[in-house]
>>> print(open('target_1.tsv').read())   # TSV, C-alpha atoms
chain	number	residue	atom	x	y	z
A	1	MET	CA	-24.91	40.09	-13.00
A	2	ALA	CA	-23.48	36.68	-12.25
A	3	GLU	CA	-20.92	36.98	-15.05
A	4	ASP	CA	-19.72	40.40	-13.79
A	5	ASN	CA	-18.43	38.79	-10.59
A	6	THR	CA	-16.60	36.00	-12.44
A	7	TYR	CA	-12.83	35.92	-12.38
A	8	GLU	CA	-11.24	37.03	-15.65
A	9	SER	CA	-8.46	34.75	-16.90
A	10	MET	CA	-5.80	35.39	-19.51
A	11	LEU	CA	-5.78	33.03	-22.50
A	12	CYS	CA	-3.28	34.54	-24.92
A	13	VAL	CA	-1.09	37.66	-25.29
A	14	LYS	CA	0.65	38.81	-28.48
A	15	PRO	CA	2.84	41.89	-28.32
A	16	GLU	CA	2.34	43.04	-31.92
A	17	VAL	CA	-0.67	42.85	-34.23
A	18	HIS	CA	-1.95	45.01	-37.07
A	19	VAL	CA	-5.43	46.37	-37.77
A	20	TYR	CA	-6.67	47.02	-41.33
A	21	ARG	CA	-9.63	48.76	-42.85
A	22	ILE	CA	-11.43	46.28	-45.02
A	23	PRO	CA	-13.69	46.95	-48.01
A	24	PRO	CA	-17.24	45.64	-48.03
A	25	ARG	CA	-17.47	42.00	-49.00
A	26	ALA	CA	-18.48	41.75	-52.62
A	27	SER	CA	-19.68	38.12	-52.51
A	28	ASN	CA	-20.47	35.27	-50.11
A	29	ARG	CA	-17.16	33.55	-50.75
A	30	GLY	CA	-15.47	35.21	-47.80
A	31	TYR	CA	-12.87	37.88	-47.17
A	32	ARG	CA	-9.52	38.05	-48.94
A	33	ALA	CA	-6.44	39.61	-47.35
A	34	ALA	CA	-5.09	40.48	-50.79
A	35	ASP	CA	-7.83	43.12	-51.11
A	36	TRP	CA	-6.49	44.98	-48.08
A	37	LYS	CA	-3.65	47.46	-48.00
A	38	LEU	CA	-1.33	45.21	-46.06
A	39	ASP	CA	1.61	47.63	-46.23
A	40	GLU	CA	-0.50	50.41	-44.65
A	41	PRO	CA	-2.08	49.12	-41.38
A	42	ALA	CA	-4.56	51.49	-39.73
A	43	TRP	CA	-3.28	50.64	-36.23
A	44	SER	CA	-0.60	48.47	-34.56
A	45	GLY	CA	-0.44	47.42	-30.96
A	46	ARG	CA	-0.84	44.56	-28.45
A	47	MET	CA	-3.57	41.92	-28.41
A	48	LYS	CA	-4.97	40.03	-25.42
A	49	ILE	CA	-7.54	37.23	-25.25
A	50	THR	CA	-9.28	36.98	-21.88
A	51	ALA	CA	-12.08	34.74	-20.61
A	52	LYS	CA	-14.79	35.64	-18.15
A	53	GLY	CA	-17.20	32.80	-17.53
A	54	LYS	CA	-18.29	31.41	-20.88
A	55	MET	CA	-17.40	34.57	-22.78
A	56	ALA	CA	-14.06	35.33	-24.44
A	57	PHE	CA	-12.84	38.85	-25.24
A	58	ILE	CA	-10.35	39.95	-27.88
A	59	LYS	CA	-8.81	43.19	-26.63
A	60	LEU	CA	-6.61	45.52	-28.67
A	61	GLU	CA	-4.48	47.76	-26.47
A	62	ASP	CA	-1.73	50.31	-26.86
A	63	LYS	CA	1.60	48.49	-26.30
A	64	ASN	CA	3.01	51.37	-24.24
A	65	THR	CA	0.12	52.77	-22.20
A	66	GLY	CA	-2.28	49.76	-22.21
A	67	GLU	CA	-5.16	51.99	-23.35
A	68	LEU	CA	-7.98	49.99	-24.91
A	69	PHE	CA	-8.37	50.59	-28.64
A	70	ALA	CA	-11.15	48.11	-29.47
A	71	GLN	CA	-12.78	45.00	-28.04
A	72	ALA	CA	-14.59	42.04	-29.59
A	73	PRO	CA	-16.80	39.89	-27.30
A	74	VAL	CA	-16.84	36.26	-28.54
A	75	GLU	CA	-19.75	33.99	-27.59
A	76	GLN	CA	-18.79	31.05	-29.81
A	77	TYR	CA	-15.98	29.98	-32.09
A	78	PRO	CA	-16.04	29.48	-35.01
A	79	GLY	CA	-18.74	32.07	-35.48
A	80	CYS	CA	-19.59	35.43	-36.98
A	81	VAL	CA	-17.38	37.39	-34.56
A	82	VAL	CA	-14.09	35.83	-35.75
A	83	GLU	CA	-13.73	34.72	-39.36
A	84	ALA	CA	-10.58	33.58	-41.18
A	85	VAL	CA	-9.78	34.91	-44.62
A	86	THR	CA	-9.73	32.60	-47.60
A	87	ASP	CA	-6.23	33.35	-48.91
A	88	SER	CA	-4.00	33.38	-45.78
A	89	SER	CA	-3.69	31.85	-42.32
A	90	ARG	CA	-2.24	35.04	-40.74
A	91	TYR	CA	-5.28	37.27	-41.18
A	92	PHE	CA	-8.76	37.32	-39.67
A	93	VAL	CA	-11.84	39.51	-39.72
A	94	ILE	CA	-13.24	40.35	-36.27
A	95	ARG	CA	-16.37	42.16	-35.17
A	96	ILE	CA	-15.69	44.88	-32.58
A	97	GLU	CA	-18.26	46.61	-30.35
A	98	ASP	CA	-18.17	49.93	-28.50
A	99	GLY	CA	-20.54	48.93	-25.71
A	100	ASN	CA	-23.39	51.13	-27.00
A	101	GLY	CA	-24.76	48.59	-29.46
A	102	ARG	CA	-22.65	49.72	-32.38
A	103	HIS	CA	-20.27	47.31	-34.11
A	104	ALA	CA	-17.86	47.25	-37.04
A	105	PHE	CA	-15.72	44.72	-38.93
A	106	ILE	CA	-11.95	45.19	-39.08
A	107	GLY	CA	-9.04	43.15	-40.37
A	108	LEU	CA	-6.59	41.65	-37.87
A	109	GLY	CA	-3.17	40.48	-39.03
A	110	PHE	CA	-0.15	38.79	-37.38
A	111	ALA	CA	3.44	39.22	-38.51
A	112	ASP	CA	4.32	35.62	-37.64
A	113	ARG	CA	2.41	32.51	-38.62
A	114	GLY	CA	3.00	31.00	-35.15
A	115	ASP	CA	1.19	33.93	-33.49
A	116	SER	CA	-1.89	33.38	-35.65
A	117	PHE	CA	-1.80	29.69	-34.73
A	118	ASP	CA	-1.75	30.51	-30.99
A	119	PHE	CA	-4.65	32.93	-31.47
A	120	ASN	CA	-6.72	30.23	-33.15
A	121	VAL	CA	-5.88	27.51	-30.58
A	122	ALA	CA	-6.62	29.77	-27.58
A	123	LEU	CA	-10.16	30.38	-28.81
A	124	GLN	CA	-10.71	26.71	-29.69
A	125	ASP	CA	-9.57	25.46	-26.27
A	126	HIS	CA	-11.77	27.91	-24.40
A	127	PHE	CA	-14.95	27.03	-26.22
A	128	LYS	CA	-14.12	23.33	-26.06
A	129	TRP	CA	-14.07	23.73	-22.28
A	130	VAL	CA	-17.38	25.64	-22.41
A	131	LYS	CA	-18.96	22.78	-24.35
A	132	GLN	CA	-17.73	20.17	-21.88
A	133	GLU	CA	-19.03	22.19	-18.95
A	134	GLY	CA	-22.44	22.43	-20.60
A	135	GLU	CA	-22.59	18.67	-21.21
A	136	LEU	CA	-21.55	17.97	-17.62
A	137	ALA	CA	-24.24	20.29	-16.28
A	138	LYS	CA	-26.88	18.53	-18.40
A	139	LEU	CA	-25.72	15.14	-17.15
A	140	GLU	CA	-25.89	16.23	-13.52
A	141	ALA	CA	-29.35	17.67	-14.06
A	142	SER	CA	-30.61	14.42	-15.62
A	143	GLN	CA	-29.11	12.34	-12.81
A	144	SER	CA	-30.66	14.52	-10.12
A	145	ALA	CA	-34.07	14.30	-11.79
A	146	ALA	CA	-33.97	10.51	-12.13
A	147	PRO	CA	-35.09	8.43	-9.10
A	148	LYS	CA	-32.20	7.13	-7.06
A	149	LEU	CA	-31.64	3.40	-6.96
A	150	ASP	CA	-31.75	2.06	-3.40
A	151	LEU	CA	-29.30	-0.83	-3.03
A	152	SER	CA	-29.27	-0.95	0.78
A	153	PHE	CA	-30.31	-4.08	2.69
A	154	LYS	CA	-33.83	-4.11	4.03
A	155	GLU	CA	-34.54	-5.16	7.60
A	156	GLY	CA	-34.14	-8.92	7.96
A	157	GLN	CA	-32.77	-9.35	4.45
A	158	THR	CA	-29.78	-11.68	4.06
A	159	ILE	CA	-27.59	-12.86	1.23
A	160	LYS	CA	-25.92	-16.18	0.57
A	161	ILE	CA	-22.45	-16.35	-0.93
A	162	SER	CA	-21.27	-19.55	-2.64
A	163	ILE	CA	-17.51	-19.99	-2.89
A	164	GLY	CA	-16.29	-22.92	-4.98
A	165	ASN	CA	-13.10	-25.00	-4.98
A	166	ILE	CA	-13.00	-25.37	-1.17
A	167	LYS	CA	-12.78	-28.96	0.20
A	168	LYS	CA	-14.72	-29.79	3.33
A	169	LYS	CA	-12.82	-31.18	6.31
A	170	ASP	CA	-13.54	-34.71	7.57
A	171	ALA	CA	-15.95	-34.89	10.47
A	172	GLY	CA	-13.74	-37.40	12.33
A	173	GLY	CA	-11.04	-34.85	13.01
A	174	ALA	CA	-7.46	-34.64	11.89
A	175	LYS	CA	-5.71	-37.67	10.47
A	176	PRO	CA	-2.88	-39.26	12.54
A	177	ARG	CA	0.50	-37.90	11.69
A	178	PRO	CA	3.11	-40.29	10.28
A	179	MET	CA	6.16	-41.28	12.36
A	180	GLY	CA	8.90	-38.67	12.31
A	181	GLY	CA	12.49	-39.17	11.32
A	182	GLY	CA	11.74	-40.66	7.93
A	183	LEU	CA	12.06	-44.28	9.21
A	184	LEU	CA	10.00	-47.17	7.96
A	185	PRO	CA	7.69	-48.99	10.44
A	186	PRO	CA	9.12	-52.20	12.02
A	187	PRO	CA	8.26	-55.55	10.41
A	188	PRO	CA	5.39	-57.59	11.83
A	189	GLY	CA	6.27	-59.53	14.99
A	190	ALA	CA	9.19	-57.27	16.03
A	191	LYS	CA	9.26	-55.80	19.55
A	192	ALA	CA	9.56	-52.16	20.47
A	193	GLY	CA	13.32	-52.48	20.90
A	194	GLY	CA	13.73	-53.19	17.22
A	195	VAL	CA	15.56	-56.60	17.65
A	196	MET	CA	13.83	-59.84	16.82
A	197	PRO	CA	14.35	-62.74	19.28
A	198	PRO	CA	16.23	-65.77	17.98
A	199	PRO	CA	14.14	-68.76	17.02
A	200	GLY	CA	13.53	-71.15	19.87
A	201	GLY	CA	14.63	-68.61	22.46
A	202	GLN	CA	11.63	-69.11	24.70
A	203	GLN	CA	12.09	-72.92	24.71
A	204	THR	CA	15.78	-72.58	25.68
A	205	VAL	CA	14.98	-70.33	28.62
A	206	ALA	CA	12.26	-72.71	29.79
A	207	ALA	CA	14.63	-75.71	29.60
A	208	VAL	CA	17.31	-73.93	31.60
A	209	GLN	CA	14.83	-72.88	34.27
A	210	SER	CA	13.50	-76.49	34.61
A	211	ASN	CA	17.02	-77.96	34.92
A	212	THR	CA	18.03	-75.37	37.52
A	213	ALA	CA	14.96	-76.13	39.60
A	214	ALA	CA	15.74	-79.83	39.51
A	215	LEU	CA	19.30	-79.21	40.80
A	216	LEU	CA	18.28	-76.93	43.66
A	217	ASP	CA	15.18	-78.74	44.91
A	218	PHE	CA	16.66	-81.87	46.61
A	219	GLY	CA	14.04	-82.56	49.27
A	220	SER	CA	10.82	-81.72	47.50
A	221	PRO	CA	8.75	-84.72	46.45
A	222	VAL	CA	8.32	-85.27	42.75
A	223	PRO	CA	4.69	-85.49	41.64
A	224	ALA	CA	3.57	-88.75	40.16
A	225	ALA	CA	3.28	-89.00	36.45
A	226	GLN	CA	-0.17	-88.70	34.99
A	227	PRO	CA	-1.42	-91.44	32.71
A	228	SER	CA	-1.11	-90.39	29.06
A	229	SER	CA	-2.62	-91.66	25.95
A	230	ASP	CA	0.63	-91.11	24.12
A	231	VAL	CA	2.22	-94.17	22.54
A	232	TRP	CA	5.40	-93.28	24.44
A	233	GLY	CA	3.67	-93.51	27.81
A	234	ASP	CA	5.60	-96.58	28.99
A	235	PHE	CA	8.91	-94.90	28.43
A	236	THR	CA	7.75	-91.76	30.21
A	237	SER	CA	6.57	-93.82	33.19
A	238	ALA	CA	9.88	-95.65	33.35
A	239	GLY	CA	11.71	-92.35	33.32
A	240	SER	CA	9.56	-91.07	36.11
A	241	ASN	CA	10.16	-94.13	38.35
A	242	SER	CA	13.90	-93.95	37.88
A	243	SER	CA	13.79	-90.27	38.85
A	244	LYS	CA	11.95	-91.13	42.10
A	245	ASP	CA	14.60	-93.72	43.03
A	246	ALA	CA	17.34	-91.21	42.41
A	247	VAL	CA	15.69	-88.62	44.64
A	248	LYS	CA	15.21	-91.10	47.48
A	249	SER	CA	18.86	-92.19	47.42
A	250	GLY	CA	20.06	-88.55	47.50
A	251	TRP	CA	21.74	-88.57	44.07
A	252	VAL	CA	20.73	-86.63	41.05
A	253	GLN	CA	20.72	-88.49	37.81
A	254	PHE	CA	21.39	-86.48	34.67
A	255	SER	CA	19.75	-87.75	31.56
>>> encode(input="target_1.tsv", output="structure tokens")
Amino acid sequence: MAEDNTYESMLCVKPEVHVYRIPPRASNRGYRAADWKLDEPAWSGRMKITAKGKMAFIKLEDKNTGELFAQAPVEQYPGCVVEAVTDSSRYFVIRIEDGNGRHAFIGLGFADRGDSFDFNVALQDHFKWVKQEGELAKLEASQSAAPKLDLSFKEGQTIKISIGNIKKKDAGGAKPRPMGGGLLPPPPGAKAGGVMPPPGGQQTVAAVQSNTAALLDFGSPVPAAQPSSDVWGDFTSAGSNSSKDAVKSGWVQFS
């Protein structure tokens, strides 16, 4: 009942074929088309191959009215329903049924070799598809019967992923960036301005400041010289006394 509701598809149509009466097979070698009366076909008309579910049907119809002449249900191919002759590729022996349980074998011939090739390929492709569908159904049945593998995480379950070739950052933070502009750092001892002071510059400034103070400070008393352990102490003392006399007289003595 399930197959009666299945959509019927068209596999192959040939506008002209010939039907022959065949003699009983004399041996197990197979049928030979040369034993038939090929110049006197018993019937000529149109052939259709249809598929309904897993079954294929070879239908012989009148080319003008479409009236069904004979039909051969095919359950498998190659099989006993369709058999090629041993001496030609254009002729086959098919088993037809009338629907009441009666069957007969007739010869089927094609005028063109290409038509017989299409007839053969149409049946092969259909039953190749039937075989694949059966294997797929078995696979699905075995998978449904097998226990399913549970790969989900359980409650509280964790995973640890280790990724290599990643360098750890320093704990002290980022490194100081180099000075911009592409300039080299200043040499040791240079000031921020970039110009080094001339040698002896500080001594010159100090000498000028001391001479200027001596010229401007006329009335201030000059402190007495401290005793020194230097071997030149006598000369320093003499210089100090002469400076005192010059200050008292109001004149400035330049040395």
>>> atom_distance(input="target_1.tsv", atom1="atom CA of A:Ser44", atom2="atom CA of A:Phe92")
14.7 Å
>>> residues_near_point(input="target_1.tsv", point="(-11.7, 40.8, -34.0)", cutoff="8 Å", atoms="only C-alpha atoms", output="NGL selection string")
:A and (58 or 71-72 or 81-82 or 92-96 or 105-108)
>>> atom_distance(input="target_1.tsv", atom1="atom CA of A:Lys63", atom2="atom CA of A:Val13")
11.2 Å
>>> atom_distance(input="target_1.tsv", atom1="atom CA of A:Phe57", atom2="atom CA of A:His103")
14.3 Å
>>> closest_residue(input="target_1.tsv", among="A:Phe69, A:Phe127, A:Phe110, A:Phe117", to="A:Pro15", atoms="all atoms listed in the file")
A:Phe110
>>> residues_near_point(input="target_1.tsv", point="(0.3, 36.2, -25.5)", cutoff="9 Å", atoms="only C-alpha atoms", output="CSV table (one decimal) with C-alpha atoms, in the coordinates of the input")
chain,number,residue,atom,x,y,z
A,10,MET,CA,-5.8,35.4,-19.5
A,11,LEU,CA,-5.8,33.0,-22.5
A,12,CYS,CA,-3.3,34.5,-24.9
A,13,VAL,CA,-1.1,37.7,-25.3
A,14,LYS,CA,0.6,38.8,-28.5
A,15,PRO,CA,2.8,41.9,-28.3
A,46,ARG,CA,-0.8,44.6,-28.4
A,47,MET,CA,-3.6,41.9,-28.4
A,48,LYS,CA,-5.0,40.0,-25.4
A,49,ILE,CA,-7.5,37.2,-25.2
A,115,ASP,CA,1.2,33.9,-33.5
A,118,ASP,CA,-1.8,30.5,-31.0
A,119,PHE,CA,-4.6,32.9,-31.5
>>> closest_residue(input="target_1.tsv", among="A:Arg113, A:His18, A:Arg90, A:Lys52", to="A:Asp39", atoms="only C-alpha atoms")
A:His18
>>> build_atoms(input="target_1.tsv", residues="stretch 22-50 of chain A", atoms="N, CA and C atoms", output="mmCIF file, keeping the file's coordinate frame")
data_model
loop_
_atom_site.group_PDB
_atom_site.id
_atom_site.type_symbol
_atom_site.label_atom_id
_atom_site.label_comp_id
_atom_site.auth_asym_id
_atom_site.auth_seq_id
_atom_site.Cartn_x
_atom_site.Cartn_y
_atom_site.Cartn_z
ATOM 1 N N ILE A 22 -11.095 47.260 -43.995
ATOM 2 C CA ILE A 22 -11.430 46.280 -45.020
ATOM 3 C C ILE A 22 -12.589 46.823 -45.866
ATOM 4 N N PRO A 23 -12.575 46.527 -47.138
ATOM 5 C CA PRO A 23 -13.690 46.950 -48.010
ATOM 6 C C PRO A 23 -14.889 46.048 -47.800
ATOM 7 N N PRO A 24 -16.053 46.506 -48.153
ATOM 8 C CA PRO A 24 -17.240 45.640 -48.030
ATOM 9 C C PRO A 24 -17.064 44.355 -48.827
ATOM 10 N N ARG A 25 -17.595 43.292 -48.316
ATOM 11 C CA ARG A 25 -17.470 42.000 -49.000
ATOM 12 C C ARG A 25 -18.359 42.002 -50.231
ATOM 13 N N ALA A 26 -17.754 41.686 -51.355
ATOM 14 C CA ALA A 26 -18.480 41.750 -52.620
ATOM 15 C C ALA A 26 -19.325 40.513 -52.865
ATOM 16 N N SER A 27 -18.946 39.365 -52.294
ATOM 17 C CA SER A 27 -19.680 38.120 -52.510
ATOM 18 C C SER A 27 -19.715 37.318 -51.223
ATOM 19 N N ASN A 28 -20.375 36.126 -51.282
ATOM 20 C CA ASN A 28 -20.470 35.270 -50.110
ATOM 21 C C ASN A 28 -19.290 34.296 -49.986
ATOM 22 N N ARG A 29 -18.301 34.452 -50.820
ATOM 23 C CA ARG A 29 -17.160 33.550 -50.750
ATOM 24 C C ARG A 29 -16.283 33.780 -49.536
ATOM 25 N N GLY A 30 -16.330 34.903 -48.942
ATOM 26 C CA GLY A 30 -15.470 35.210 -47.800
ATOM 27 C C GLY A 30 -14.543 36.366 -48.080
ATOM 28 N N TYR A 31 -13.800 36.760 -47.047
ATOM 29 C CA TYR A 31 -12.870 37.880 -47.170
ATOM 30 C C TYR A 31 -11.535 37.389 -47.700
ATOM 31 N N ARG A 32 -10.864 38.334 -48.408
ATOM 32 C CA ARG A 32 -9.520 38.050 -48.940
ATOM 33 C C ARG A 32 -8.568 39.121 -48.438
ATOM 34 N N ALA A 33 -7.430 38.657 -47.861
ATOM 35 C CA ALA A 33 -6.440 39.610 -47.350
ATOM 36 C C ALA A 33 -5.742 40.358 -48.471
ATOM 37 N N ALA A 34 -5.739 39.788 -49.663
ATOM 38 C CA ALA A 34 -5.090 40.480 -50.790
ATOM 39 C C ALA A 34 -5.813 41.752 -51.173
ATOM 40 N N ASP A 35 -7.070 41.909 -50.783
ATOM 41 C CA ASP A 35 -7.830 43.120 -51.110
ATOM 42 C C ASP A 35 -7.547 44.255 -50.129
ATOM 43 N N TRP A 36 -6.801 43.958 -49.072
ATOM 44 C CA TRP A 36 -6.490 44.980 -48.080
ATOM 45 C C TRP A 36 -5.160 45.652 -48.447
ATOM 46 N N LYS A 37 -4.946 46.798 -47.876
ATOM 47 C CA LYS A 37 -3.650 47.460 -48.000
ATOM 48 C C LYS A 37 -2.750 46.975 -46.872
ATOM 49 N N LEU A 38 -2.102 45.842 -47.124
ATOM 50 C CA LEU A 38 -1.330 45.210 -46.060
ATOM 51 C C LEU A 38 -0.093 46.011 -45.676
ATOM 52 N N ASP A 39 0.437 46.827 -46.555
ATOM 53 C CA ASP A 39 1.610 47.630 -46.230
ATOM 54 C C ASP A 39 1.251 48.923 -45.498
ATOM 55 N N GLU A 40 -0.054 49.206 -45.351
ATOM 56 C CA GLU A 40 -0.500 50.410 -44.650
ATOM 57 C C GLU A 40 -1.529 50.044 -43.577
ATOM 58 N N PRO A 41 -1.119 49.453 -42.446
ATOM 59 C CA PRO A 41 -2.080 49.120 -41.380
ATOM 60 C C PRO A 41 -2.637 50.393 -40.751
ATOM 61 N N ALA A 42 -3.916 50.330 -40.358
ATOM 62 C CA ALA A 42 -4.560 51.490 -39.730
ATOM 63 C C ALA A 42 -4.113 51.649 -38.279
ATOM 64 N N TRP A 43 -3.711 50.564 -37.642
ATOM 65 C CA TRP A 43 -3.280 50.640 -36.230
ATOM 66 C C TRP A 43 -2.416 49.430 -35.928
ATOM 67 N N SER A 44 -1.459 49.560 -35.028
ATOM 68 C CA SER A 44 -0.600 48.470 -34.560
ATOM 69 C C SER A 44 -0.497 48.561 -33.042
ATOM 70 N N GLY A 45 -0.513 47.421 -32.426
ATOM 71 C CA GLY A 45 -0.440 47.420 -30.960
ATOM 72 C C GLY A 45 -0.412 45.992 -30.416
ATOM 73 N N ARG A 46 -0.874 45.840 -29.155
ATOM 74 C CA ARG A 46 -0.840 44.560 -28.450
ATOM 75 C C ARG A 46 -2.229 43.947 -28.417
ATOM 76 N N MET A 47 -2.293 42.633 -28.469
ATOM 77 C CA MET A 47 -3.570 41.920 -28.410
ATOM 78 C C MET A 47 -3.604 40.987 -27.198
ATOM 79 N N LYS A 48 -4.733 40.949 -26.531
ATOM 80 C CA LYS A 48 -4.970 40.030 -25.420
ATOM 81 C C LYS A 48 -6.273 39.282 -25.659
ATOM 82 N N ILE A 49 -6.288 38.007 -25.271
ATOM 83 C CA ILE A 49 -7.540 37.230 -25.250
ATOM 84 C C ILE A 49 -7.784 36.844 -23.800
ATOM 85 N N THR A 50 -8.907 37.284 -23.256
ATOM 86 C CA THR A 50 -9.280 36.980 -21.880
ATOM 87 C C THR A 50 -10.591 36.189 -21.882
#
